[in-house]
Structures are given as structure tokens and as C-alpha cells.
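Student: The structure is given below, and queries will be raised subsequently.
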Amino acid sequence: MSADHDGMCRDAVAGRLDPDNWFAAQLKPNALRIALRNLGRQGFAAFAPRMIAVRRQAGRVTRRAEPVFPGYVFVQFDPARPGWRSVNATQGITRLVTGDPRAPRPLPRGFMAAMMDRCNAAGLFVPEPALAVGDRVEMTDGPFTALVGRVVELDRDGRVRVMMEILGGETPVSTTDAHLRRVG
């Protein structure tokens with residue numbers, strides 16, 4: 001299995017690997033690329049999904065790919081076959097996260113299948129469809145958490161203007177789409 005330079009096993013995302021027998025491994029600090037390279041050299045499939053994070057820096061909005069699970073990588077192997085213990089000795093890996101070090105339990109098949117299905121071929125989580133003017137949304141973070149409103153404006157800097165239903169009236173609130181969830 002070959003991992004690309006961003007640490008994503010394309011075979012896993014493209015569905016060529018079975019979502020069975022995946023395990024979480026804890027990484028050493030800043031060692032994702034090293035761990036992925038070494039796991040690949042040993043013949044292990046590795047999966048490190050990323051997402052686009054939106055950050056505001058010096059008045060500008062920046063977007064960059066960041067790990068969905070910082071400090072962890074998913075590794076596929078058959079625990080019934082010899083050789084899986086070498087994951088613990090892999091450069092960049094602190095330890096395999098297991099309940100029992102003699103017989104590790106894989107992550108639930110549904111969890112891995114759902115995670116792989118949400119990623120594109122580059123290993124990025126595919127976002128839910130973008131918000132549109134007129135969508136009903138719920139605030140998921142901040143002082144207006146759980147309040148419902150209507151999207152009235154979207155701008156190029158990633159800001160969303162929402163008319164929130166507060167105390168029987170509508171109040172304009174400006175936020176990012178990361179703090180909103182579309183409701184039916």
C-alpha cells in the first residue's frame with residue numbers, strides 16, 4: 001500500500017480495502033508522515049483522514065487540510081496472523097490502542113466504512129452540501145447554541161449572516177458555516 005505525501009492511503013478511500021480489521025494507533029508528536037511512510041514499508045494499510053479547516057489569521061481567512069483525529073492513525077491488519085505487533089515498534093507510532101495487548105479488538109466495521117465513505121480520493125472529508133440563502137439552520141456553538149434561524153447572506157470570506165429567531169423576533173447574527181447545521 002502506498003501512502004501519498006499527505007499521509008492518506010488512497011486505496012482505503014477508493015474502497016479497494018475492506019473496512020474490517022482496522023485499529024487505532026497513537027502517534028508520537030508531529031510524526032504522522034513518518035508513521036505512514038514506515039507502516040507502508042511494512043505492508044500495512046494506513047488511513048489518516050483530513051478535513052479542510054477554516055482559520056482567520058490577521059484578518060484573512062485561510063483554509064488548510066488538518067487531521068480529523070490529530071495524534072492518531074488507523075492501521076489495518078489481521079490480528080490472527082503473526083507480525084501485527086510490529087506496529088508498536090514502528091517509527092512514529094507510540095502504541096497501538098487496544099483493550100488487550102495480546103488480542104486487540106478492531107474498530108467497528110460500520111465506523112470505518114462510514115468514515116471511508118465520507119472521504120474523497122485525496123483523503124479529505126467531503127463536506128455536507130453548502131448552505132444556501134433561505135436554508136433553515138441551527139446554531140451549534142456559542143451563545144446562540146440550539147437556536148434556529150434562516151440564512152440571509154453568504155460572503156466570500158466564509159461568513160454567513162443568519163436571521164435568528166430570538167424572543168419572538170428575528171435578530172441578525174454573523175458566523176461561519178462551521179457553527180451551523182441545516183435543519184429540515
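Here, A, B, ... name the chains of the C-alpha cells in the order displayed, residue numbers run from 1 inside each chain, and ligands are numbered from 1 in the same displayed order.
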Which of segment 3-130 of chain A counts as helix (DSSP H, G or I) under DSSP, as a VMD selection string please?
Tutor: chain A and resid 10 to 13 32 to 41 84 to 89 109 to 117
Student: Using 10 Å as the limit and counting only C-alpha atoms, can you tabulate each residue of segment 68-155 of chain A that touches segment 170-178 of chain A, with its shortest atom-to-atom distance in Å and the two atoms involved, as a Markdown table?
Tutor:
```
| residue | atom | partner | partner_atom | distance |
| --- | --- | --- | --- | --- |
| A:Ala130 | CA | A:Asp177 | CA | 8.4 |
| A:Leu131 | CA | A:Asp177 | CA | 7.5 |
| A:Val137 | CA | A:Asp177 | CA | 9.6 |
| A:Met139 | CA | A:Thr175 | CA | 9.2 |
| A:Thr140 | CA | A:Ala178 | CA | 8.3 |
| A:Asp141 | CA | A:Ala178 | CA | 8.8 |
| A:Gly142 | CA | A:Thr175 | CA | 9.8 |
| A:Phe144 | CA | A:Val173 | CA | 9.2 |
| A:Gly149 | CA | A:Glu170 | CA | 8.0 |
| A:Arg150 | CA | A:Glu170 | CA | 9.3 |
| A:Val151 | CA | A:Pro172 | CA | 9.6 |
| A:Val152 | CA | A:Pro172 | CA | 8.8 |
| A:Glu153 | CA | A:Ser174 | CA | 9.2 |
| A:Leu154 | CA | A:Thr176 | CA | 9.2 |
| A:Asp155 | CA | A:Thr176 | CA | 9.8 |
```
Student: DSSP on the backbone, strand (DSSP E) only: what residues of segment 25-174 of chain A does that give? Format it as a PyMOL selection string.
Tutor: chain A and resi 25-27+45-47+50-57+60-67+72-76+93-96+136-139+148-154+159-166+169-174
Student: Give me a file of those residues, with C-alpha atoms, as a short mmCIF file (atom, residue, chain, number, x, y, z; two decimals), in the first residue's frame.
Tutor:
```cif
data_model
loop_
_atom_site.label_atom_id
_atom_site.label_comp_id
_atom_site.auth_asym_id
_atom_site.auth_seq_id
_atom_site.Cartn_x
_atom_site.Cartn_y
_atom_site.Cartn_z
CA ALA A 25 -2.58 3.73 16.70
CA GLN A 26 -1.38 6.67 18.77
CA LEU A 27 1.26 8.82 17.09
CA ALA A 45 -2.57 -0.14 5.05
CA ALA A 46 -2.91 3.18 6.87
CA PHE A 47 -5.74 5.68 6.91
CA ARG A 50 -8.16 15.02 6.88
CA MET A 51 -10.61 17.89 6.72
CA ILE A 52 -10.37 21.43 5.48
CA ALA A 53 -10.09 23.74 8.47
CA VAL A 54 -11.03 27.39 8.10
CA ARG A 55 -8.99 29.77 10.22
CA ARG A 56 -8.98 33.54 10.50
CA GLN A 57 -5.45 34.93 10.71
CA ARG A 60 -7.71 36.84 6.36
CA VAL A 61 -9.49 33.53 6.10
CA THR A 62 -7.19 30.59 5.40
CA ARG A 63 -8.09 27.01 4.58
CA ARG A 64 -5.80 24.03 5.04
CA ALA A 65 -6.04 20.29 5.41
CA GLU A 66 -5.74 19.09 9.01
CA PRO A 67 -6.14 15.61 10.51
CA TYR A 72 -3.91 9.04 15.67
CA VAL A 73 -3.73 6.95 12.53
CA PHE A 74 -5.80 3.93 11.56
CA VAL A 75 -3.95 0.74 10.64
CA GLN A 76 -5.38 -2.37 9.01
CA ILE A 93 3.94 5.26 16.48
CA THR A 94 3.70 5.42 20.27
CA ARG A 95 1.43 2.41 20.66
CA LEU A 96 -1.46 0.52 19.23
CA ARG A 136 -33.15 26.92 7.92
CA VAL A 137 -30.18 26.34 10.22
CA GLU A 138 -29.48 25.63 13.87
CA MET A 139 -26.56 27.23 15.70
CA VAL A 148 -32.91 28.23 14.77
CA GLY A 149 -32.67 30.81 12.04
CA ARG A 150 -32.66 31.43 8.29
CA VAL A 151 -29.59 32.10 6.11
CA VAL A 152 -29.93 35.53 4.50
CA GLU A 153 -26.41 36.13 3.15
CA LEU A 154 -23.18 34.27 2.34
CA ARG A 159 -19.11 34.39 6.85
CA VAL A 160 -22.81 33.56 7.00
CA ARG A 161 -25.46 36.05 8.03
CA VAL A 162 -28.40 34.40 9.75
CA MET A 163 -31.66 35.86 10.97
CA MET A 164 -32.04 34.08 14.33
CA GLU A 165 -35.45 33.57 15.91
CA ILE A 166 -34.95 35.18 19.35
CA GLY A 169 -38.45 38.31 16.65
CA GLU A 170 -35.60 37.98 14.18
CA THR A 171 -32.11 39.18 15.02
CA PRO A 172 -29.20 39.21 12.52
CA VAL A 173 -26.17 37.14 13.55
CA SER A 174 -22.92 36.74 11.63
#
```
Student: Grab the atom CA of Ala122 of chain A to atom CA of Phe69 of chain A distance for me, in Å with one decimal place.
Tutor: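 A separation of 16.2 Å between them.
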Student: I'd like to know which of A:Ala24, A:Ala80, A:Ala121, A:Ala89 is closest to Ala103 of chain A, using only C-alpha atoms.
Tutor: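 When distances to Ala103 of chain A are compared using only C-alpha atoms, the smallest one comes from A:Ala80.
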Student: Just to confirm, what's the straight-line distance from atom CA of Pro19 of chain A to atom CA of Val87 of chain A in Å (one decimal)?
Tutor: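 Pair atom CA of Pro19 of chain A / atom CA of Val87 of chain A returns 18.4 Å.
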Student: May I ask which of the residues A:Gly83, A:Gly71, A:Gly123, A:Pro29 is the closest one to Phe44 of chain A, counting only C-alpha atoms?
Tutor: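 Distance minimum relative to Phe44 of chain A lands on A:Gly83.
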Student: At what distance in Å, to one decimal, does atom CA of Val97 of chain A lie from atom CA of Asp78 of chain A?
Tutor: 15.1 Å
Student: Counting only C-alpha atoms, figure out which residue out of A:Ala113, A:Leu167, A:Ala132, A:Leu180 gets nearest to Asp18 of chain A.
Tutor: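 Between A:Ala113, A:Leu167, A:Ala132, A:Leu180, the residue approaching Asp18 of chain A most closely is A:Ala113.
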